[in-house]
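Participant: Here you go, one structure.
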Amino acid sequence: MGKIFGTFGVRGVYPDFLNEDFALKMARAFGTFLKGLKENPRVVVGRDTRRTGESIKESFISGLISSGVDVLDVGILPTPLVQYSARILRVDGGAVITASHNPPEYNGIKLLEGNGMGLSRKKEAAVEEIFESGKFYASSWKSVGKKSRKDMKIDYFMSVMERVDANAIASRKPFVVVDEAGGAGALILPELLETLGCKVLSLNSHTSGFFSARNPEPNESNLKDTEKIVKALSPDIAVAQDGDADRAVFMTSDGKFVQGDKTFALIEKFVLSERKGPVVTTVATSNIIDEVAKEFEVEVYRTKVGDLVVTGKLLELGGVIGGEENGGVIFPDLVLGRDGIFSTVKIVEAISKSGKTFEELLSELPKFYQIKDKIRVKGDRKSAVLKFAKLLKSEGFTVDLTDGAKVIFDDGWVLVRASGTEPIIRIFSESRIEGKEKEYHDFAISKFIEANKDLEVEI
Ligand code: MG
């Protein structure tokens with residue numbers, strides 16, 4: 001059996017891998033699966049702004065309807081808003097037609113649970129099996145599904161208003177520069193911030209799906225032009241999102257890129273000051289998260305990398321906030337997945353309520369020194385990481401194997417982890433003592449090479 005689903009659903013280049021035929025078949029498989037659980041399933045479907053989005057979405061919807069599934073079409077929306085819609089509309093499942101931060105020639109399908117969370121691995125495997133078998137449920141003419149359109153923007157805006165101090169934001173009137181990369185966030189975030197009373201200047205907010213001005217992955221190197229504009233305008237804060245707006249990264253008023261760990265810690269601090277409860281993050285995130293949690297005497301739980309596992313753990317523990325080092329933050333009370341829209345609103349609220357600047361809030365966080373690096377490795381990367389772990393264990397080091405191999409030191413750690421999608425090994429190191437992060441980084445690379453003499457490594 002082929003492996004269709006990756007870490008983030010199905011993704012590929014149009015039309016070679018992902019096309020209308022594929023979407024139709026996937027929808028029939030999902031519809032057949034849902035029909036096996038319930039007589040009249042209802043499914044929410046939304047999409048991002050890609051050129052191929054509309055026809056992929058319509059094919060997907062046809063597949064569901066022909067399986068006897070009713071469809072609520074929410075149109076172009078950020079992934080977190082489709083997830084929100086699923087929860088609010090009490091459906092049985094959902095789908096987002098998106099390829100997140102990938103270039104414009106890509107598209108993808110992300111399936112959702114009825115509560116809006118990403119579909120569990122177990123259910124995904126079941127849908128995949130039906131997909132491979134080609135045995136689809138075909139509805140009679142009398143019981144084909146119905147499609148209706150739903151506009152969920154105002155519902156989401158109302159839910160956000162209920163959760164923030166709108167007066168504080170309205171009286172501070174922060175100046176926010178927003179760069180949406182032409183993604184789905186462009187239809188939501190600038191207007192939401194304005195509704196809250198911010199002064200907003202939006203860049204790349206045309207939703208033609210070409211992503212011609214910048215790559216939709218919001219990393220430091222893709223945001224060089226944005227940085228120049230931010231520097232010239234000197235706003236209170238700048239935010240950049242990926243194509244489906246589940247992630248948000250931030251810049252200070254002088255255009256300095258802020259690591260996702262830090263903005264997550266800032267949001268964590270602010271959320272915990274409102275309501276205490278467990279925090280969930282992955283093994284790859286900075287210990288700033290633990291230091292902040294200590295101030296509020298709450299526990300931090302660490303999982304494997306991936307928003308699905310973080311969200312699952314949050315639900316299990318009744319956690320109040322979760323997040324990842326790449327700028328994805330989860331507010332389980334609102335959406336069961338990363339929400340880059342609400343993350344932005346929360347940071348703007350924190351600035352407004354504190355009366356401080358974004359820079360000041362960041363400087364108040366516990367200080368850690370980090371290196372985030374990657375090396376190219378040919379061959380079996382997972383077993384290479386295990387060999388590295390084995391060597392270090394034999395030398396008496398403490399190694400956490402939750403995801404990859406994380407070597408723990410008194411003042412920091414180094415994580416060596418094989419990427420799931422690229423031929424690389426990620427090496428993240430951190431220490432509270434300046435300079436030690438470099439020492440741990442170099443140590444991990446030399447030990448990795450020592451443990452894998454037969455492998456070709458490119459540093
Ligand atoms: Mg995304």
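Residues in the structure tokens are named by chain (A, B, ... in the order shown) and by number from 1 within that chain; ligands are numbered from 1 in the order shown.
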At a cut-off of 7 Å and counting only C-alpha atoms and all ligand atoms, what residues surround ligand 1? Please answer as an mmCIF file with C-alpha atoms, in the first residue's frame.

Facilitator:
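Result saved to out02.cif:
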```cif
data_model
loop_
_atom_site.group_PDB
_atom_site.id
_atom_site.type_symbol
_atom_site.label_atom_id
_atom_site.label_comp_id
_atom_site.auth_asym_id
_atom_site.auth_seq_id
_atom_site.Cartn_x
_atom_site.Cartn_y
_atom_site.Cartn_z
ATOM 1 C CA SER A 100 0.374 25.755 3.501
ATOM 2 C CA HIS A 101 3.805 27.386 2.973
ATOM 3 C CA ASP A 242 2.296 31.502 5.481
ATOM 4 C CA GLY A 243 -0.200 30.664 2.694
ATOM 5 C CA ASP A 244 -2.910 29.276 4.966
ATOM 6 C CA ALA A 245 -2.229 31.556 7.948
ATOM 7 C CA ASP A 246 -1.884 28.896 10.623
ATOM 8 C CA ARG A 247 1.549 30.303 11.336
#
```

Participant: Would you kindly return, as a PDB file with N, CA and C atoms, in the first residue's frame, each protein, DNA or RNA residue with an atom no farther than 10 Å from any atom of range 420-422 of chain A, considering only C-alpha atoms and excluding same-chain residues fewer than 4 positions away?

Facilitator:
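The file below, out_34.pdb, is the result:
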```
ATOM      1  N   GLY A   6       1.267  12.577   4.342  1.00  0.00           N
ATOM      2  CA  GLY A   6       2.503  12.939   5.035  1.00  0.00           C
ATOM      3  C   GLY A   6       2.147  13.554   6.371  1.00  0.00           C
ATOM      4  N   THR A   7       3.068  14.358   6.898  1.00  0.00           N
ATOM      5  CA  THR A   7       2.840  14.976   8.208  1.00  0.00           C
ATOM      6  C   THR A   7       1.674  15.951   8.176  1.00  0.00           C
ATOM      7  N   ARG A 376      23.273  18.237   5.584  1.00  0.00           N
ATOM      8  CA  ARG A 376      22.743  17.338   4.553  1.00  0.00           C
ATOM      9  C   ARG A 376      23.368  15.966   4.739  1.00  0.00           C
ATOM     10  N   VAL A 377      22.530  14.942   4.779  1.00  0.00           N
ATOM     11  CA  VAL A 377      23.031  13.594   5.003  1.00  0.00           C
ATOM     12  C   VAL A 377      22.387  12.649   4.002  1.00  0.00           C
ATOM     13  N   ARG A 381      18.684   8.334   7.543  1.00  0.00           N
ATOM     14  CA  ARG A 381      18.921   9.365   8.554  1.00  0.00           C
ATOM     15  C   ARG A 381      18.379   8.984   9.923  1.00  0.00           C
ATOM     16  N   LYS A 382      17.270   8.259   9.942  1.00  0.00           N
ATOM     17  CA  LYS A 382      16.674   7.889  11.243  1.00  0.00           C
ATOM     18  C   LYS A 382      17.629   6.973  12.013  1.00  0.00           C
TER      19      LYS A 382
END
```

Participant: Pick from A:Ala186, A:Met117, A:Leu81, A:Met152: nearest to Thr49 in chain A, with only C-alpha atoms counted?

Facilitator: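 Among the listed residues, A:Ala186 lies closest to Thr49 in chain A.
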
Participant: Need the shell around range 88-91 of chain A: protein/DNA/RNA residues with any atom at most 9 Å away, counting only C-alpha atoms. Skip same-chain ones fewer than 5 positions apart. Format as a list of chain:residue names?

Facilitator: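 Using only C-alpha atoms, the neighbours found are A:Pro41, A:Arg42, A:Val43, A:Val44, A:Leu72, A:Gln83, A:Glu113, A:Gly114, A:Asn115, A:Gly116, A:Asp155.
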
Participant: Counting only C-alpha atoms, what is within 7 Å of Val74 in chain A, bar same-chain residues fewer than 6 positions away, as a list in words?

Facilitator: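 Counting only the stated atoms, we get Val44, Val45, Gly46, Arg149, Lys150, Asp151 and Met152 of chain A.
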